[in-house]
Amino acid sequence: MTRSPSLAAVALALAVLASPAAAQELPRTHAPRPTTPAITPADLMTRLYILADDSMMGREAGKRGNVKGTDYIAAQYRRIGLEPAGENGTFFQAVPMVEKGLLPGASLSADGALALRTDWIPFPEVGNAIHFVPRMDARQGVQAVFGGRVGGEMLAPEQARGKLVVLLPPLGQGGAVSYRFWANPAMRWYPDAAGVAVVSLEATPEDLREYLLAPQTAIAQQGPRPAAAAGAAGMLVSAAAARRLLGADPASMAVGAAGRTVTGVFEFGEKPTEAPSRNVVGVLRGSDPALRGQYVVVSAHNDHVGMTTPIDHDSVRAFNRVMRPAGANDDPDPPTPAQQARIAALRDSLRRVHGGVRMDSVLNGADDDGSGTVTLLEIAESLASGPHPRRSILFMSHTAEEKGLFGSQWFTDHPTVPRDSIVADLNMDMVGRGRPEDVRGGGPYAIQMIGSRRLSTQLGTLIDSLNAARPNRMQVDYSWDAAGHPANRYCRSDHFMYARYGIPITYFSAGYHVDYHQVGDEPQYIWYDHMAHIGEFVRDIAVAVANRPQRLVVDGRKQDPNAPCRQ
């Protein structure tokens, strides 16, 4: 670890770059200072340099780093003076998480062994234990059969009993589309088959292959386990593997034509995560005896995505400045020679400032969502120091947002306060950046808001009226809230888990940037002045909602809580 350069040196070097990378960079370390009741950039810095430090190991849910992070949040709740609102008189609510994945020993063979990952990849969706044959036995197997093309002529279900059905995808479709929208249903079309193999591995993106083979974190099954899954074991196979399974090119075969005898076995299992996953729940009790049993939730998520293999920090940031302005949201083509030259110039300039190559393996999550978490703490300290609002404020730090909104799902399914007592959820996710060179339309008072009128027009009107009366109005970008927006952000953070139960929500963010889900998401790149403005804005909204004589009227469209989210 090299010594942090002075701010003057950084500013000079970045000015020389004369590029979008020319944003102020703070030192990599910061000595903590006592916090105050006011929401200030200095307080936010102190908190975020602690929460997003390398020692937190990226705060991945189910890992030790997230336990350290949630310990810090609970200690701050206690110091601020919040009351525990978790389980058993504590600030914590346990979220039962497990890791599910393919167990060792998976195999598939037809005219010789097929290679896992390059020839075939099994699906993890149907059932917990999926055996392709009852046991691995070279003398026993099942017959492959050509099942036709999905959406065209297909094998009748009764003809598939006990066989491996090999299917071609719908014309013009494959990859991620096949996996999510038709390959899984195909496994259920043939419930009595030994397996269903869909020929689309070549069209499956690399990241989806990795996803299917990697252990996945999920909420543990509650209650008795269901009986055997109503579906066949499924897999993606390559075109070459399909020819091996069938003994011919499937495009030349008639539906129902017999293939080779196939043997193999694979099984999915689960185990507890390395460490507990915990929501952190504290309450600032309301001042009005008639209303304190109602709650305004202020929320953010405490987890991030953990660790990665060591990589050159400045190379990643230089590449992203040129090729990936929205970080992991972007999937660029390879750089042109001109772009590569610009990347190299940026990288070399940053290395000169930083004293050489810095290898980095921690995905710190300073903005995502360390920024929302420490802003939540600042709001809590601000409100605890003065007259309490009429309704109670529930400060909700969710875990496992990055795993699939599991912490907020668990809390809203198993709330520690009556669900119908929750008046609104004000959710902050990535409120730490927002400079013009980071975010289109950025600025000191810029903010992106989603969902404020979807369930309660009163909430949207309240926010707009409050903003209009501010000395420095927030410049609100509502464009991300558009129905059908391709970024799908209404569905991608914890507020949705409240909205699905008809609880009015608003999602506050400063926007995506080059360091989204990258090693560059570190505290030295945060715009603390801007984050303080957002914190004051959200605090004032929470107070305004909490002090209303009547709770917000829900006049928007409610949905089935178990139905998928729609942007």
# chains A, B, ... in the order shown; residues from 1 in each chain; ligands from 1
call {"tool": "residues_around", "arguments": {"residues": "Gln567 of chain A", "least_positions_apart": "2", "cutoff": "12 Å", "atoms": "only C-alpha atoms", "output": "list in words"}}
result
Ile450, Gly451, Arg454, Trp480, Asp481, Ala482, Ala483, Gly484, His485, Pro486, Ala487, Asn488, Arg489, Tyr490, Cys491, Arg492, Ser493, Phe496, Pro564 and Cys565 of chain A
call {"tool": "atom_distance", "arguments": {"atom1": "atom CA of His301 of chain A", "atom2": "atom CA of Lys100 of chain A"}}
result
22.7 Å
call {"tool": "closest_residue", "arguments": {"among": "A:Asp477, A:Asp43, A:Glu25, A:Asp369", "to": "Ala532 of chain A", "atoms": "only C-alpha atoms"}}
result
A:Asp43
call {"tool": "closest_residue", "arguments": {"among": "A:Leu350, A:Val166, A:Leu394, A:Ile343", "to": "Val237 of chain A", "atoms": "only C-alpha atoms"}}
result
A:Val166
call {"tool": "select_by_dssp", "arguments": {"residues": "segment 487-556 of chain A", "states": "strand (DSSP E or B)", "output": "list in words"}}
result
Ile505, Thr506, Tyr507, Phe508 and Ser509 of chain A
call {"tool": "write_last_selection", "arguments": {"atoms": "N, CA and C atoms", "output": "JSON list (two decimals), in the first residue's frame"}}
result
[["chain", "number", "residue", "atom", "x", "y", "z"],
["A", 505, "ILE", "N", -43.54, 4.28, -1.41],
["A", 505, "ILE", "CA", -42.08, 4.31, -1.36],
["A", 505, "ILE", "C", -41.55, 5.46, -2.19],
["A", 506, "THR", "N", -40.31, 5.84, -1.90],
["A", 506, "THR", "CA", -39.52, 6.65, -2.82],
["A", 506, "THR", "C", -38.08, 6.15, -2.74],
["A", 507, "TYR", "N", -37.46, 6.05, -3.90],
["A", 507, "TYR", "CA", -36.08, 5.59, -4.04],
["A", 507, "TYR", "C", -35.23, 6.80, -4.42],
["A", 508, "PHE", "N", -34.20, 7.07, -3.62],
["A", 508, "PHE", "CA", -33.32, 8.21, -3.83],
["A", 508, "PHE", "C", -31.94, 7.72, -4.23],
["A", 509, "SER", "N", -31.37, 8.30, -5.27],
["A", 509, "SER", "CA", -30.04, 7.90, -5.73],
["A", 509, "SER", "C", -29.37, 9.08, -6.43]]
call {"tool": "atom_distance", "arguments": {"atom1": "atom CA of Lys403 of chain A", "atom2": "atom CA of Val297 of chain A"}}
result
21.4 Å
call {"tool": "atom_distance", "arguments": {"atom1": "atom CA of Val165 of chain A", "atom2": "atom CA of Ser252 of chain A"}}
result
15.8 Å
call {"tool": "residues_around", "arguments": {"residues": "Pro84 of chain A", "least_positions_apart": "4", "cutoff": "12 Å", "atoms": "only C-alpha atoms", "output": "compact mmCIF listing (two decimals) with N, CA and C atoms, in the first residue's frame"}}
result
# COMPACT_ATOMS: atom_id res chain seq x y z
N ILE A 73 -22.89 -0.77 12.48
CA ILE A 73 -24.17 -0.07 12.39
C ILE A 73 -24.94 -0.18 13.69
N ALA A 74 -25.01 -1.37 14.28
CA ALA A 74 -25.72 -1.55 15.54
C ALA A 74 -25.08 -0.73 16.66
N ALA A 75 -23.75 -0.67 16.68
CA ALA A 75 -23.07 0.14 17.71
C ALA A 75 -23.41 1.62 17.54
N GLN A 76 -23.52 2.07 16.31
CA GLN A 76 -23.90 3.47 16.07
C GLN A 76 -25.36 3.72 16.47
N TYR A 77 -26.25 2.80 16.18
CA TYR A 77 -27.64 2.94 16.64
C TYR A 77 -27.67 3.12 18.16
N ARG A 78 -26.92 2.27 18.85
CA ARG A 78 -26.90 2.31 20.31
C ARG A 78 -26.35 3.64 20.80
N ARG A 79 -25.27 4.11 20.20
CA ARG A 79 -24.66 5.37 20.63
C ARG A 79 -25.58 6.54 20.36
N ILE A 80 -26.27 6.51 19.24
CA ILE A 80 -27.18 7.59 18.87
C ILE A 80 -28.38 7.65 19.82
N ASN A 88 -35.70 -10.33 19.72
CA ASN A 88 -35.24 -10.65 21.07
C ASN A 88 -34.56 -9.48 21.76
N GLY A 89 -35.12 -8.28 21.56
CA GLY A 89 -34.59 -7.11 22.23
C GLY A 89 -33.28 -6.61 21.69
N THR A 90 -32.91 -7.01 20.48
CA THR A 90 -31.65 -6.60 19.86
C THR A 90 -31.92 -5.72 18.65
N PHE A 91 -30.85 -5.19 18.07
CA PHE A 91 -30.96 -4.43 16.83
C PHE A 91 -30.96 -5.34 15.60
N PHE A 92 -30.78 -6.64 15.78
CA PHE A 92 -30.60 -7.54 14.64
C PHE A 92 -31.85 -8.35 14.34
N GLN A 93 -32.08 -8.56 13.05
CA GLN A 93 -33.04 -9.54 12.58
C GLN A 93 -32.28 -10.52 11.69
N ASN A 279 -30.32 -8.09 9.12
CA ASN A 279 -30.83 -6.74 9.05
C ASN A 279 -30.54 -6.05 10.38
N VAL A 280 -30.36 -4.74 10.33
CA VAL A 280 -30.13 -3.98 11.55
C VAL A 280 -31.27 -2.97 11.66
N VAL A 281 -32.05 -3.09 12.75
CA VAL A 281 -33.31 -2.36 12.86
C VAL A 281 -33.31 -1.56 14.17
N GLY A 282 -33.46 -0.25 14.05
CA GLY A 282 -33.57 0.63 15.21
C GLY A 282 -34.72 1.59 15.03
N VAL A 283 -35.29 2.06 16.15
CA VAL A 283 -36.45 2.94 16.06
C VAL A 283 -36.22 4.19 16.90
N LEU A 284 -36.63 5.32 16.34
CA LEU A 284 -36.73 6.58 17.07
C LEU A 284 -38.21 6.74 17.38
N ARG A 285 -38.55 6.58 18.65
CA ARG A 285 -39.96 6.53 19.04
C ARG A 285 -40.64 7.88 18.82
N LEU A 394 -38.42 4.31 11.70
CA LEU A 394 -37.74 3.01 11.75
C LEU A 394 -36.54 3.07 10.83
N PHE A 395 -35.36 2.97 11.41
CA PHE A 395 -34.13 3.00 10.62
C PHE A 395 -33.77 1.56 10.28
N MET A 396 -33.84 1.25 8.98
CA MET A 396 -33.79 -0.13 8.49
C MET A 396 -32.57 -0.32 7.61
N THR A 416 -40.75 -6.93 12.04
CA THR A 416 -40.63 -6.87 13.50
C THR A 416 -41.56 -5.81 14.09
N VAL A 417 -42.28 -5.09 13.24
CA VAL A 417 -43.40 -4.23 13.64
C VAL A 417 -44.57 -4.63 12.75
call {"tool": "closest_atom_pairs", "arguments": {"of": "segment 256-374 of chain A", "to": "segment 105-119 of chain A", "cutoff": "10 Å", "atoms": "only C-alpha atoms", "output": "tab-separated table"}}
result
residue	atom	partner	partner_atom	distance
A:Gly259	CA	A:Ala110	CA	9.6
A:Arg260	CA	A:Ala110	CA	6.7
A:Thr261	CA	A:Ala110	CA	6.5
A:Val262	CA	A:Ala110	CA	4.9
A:Thr263	CA	A:Ser109	CA	5.3
A:Gly264	CA	A:Leu108	CA	4.1
A:Val265	CA	A:Ser107	CA	5.5
A:Phe266	CA	A:Ala106	CA	4.4
A:Glu267	CA	A:Ala106	CA	7.1
A:Phe268	CA	A:Ala106	CA	9.5
call {"tool": "closest_residue", "arguments": {"among": "A:Ser315, A:Gln458, A:Gln221, A:Thr399", "to": "Asp348 of chain A", "atoms": "only C-alpha atoms"}}
result
A:Ser315
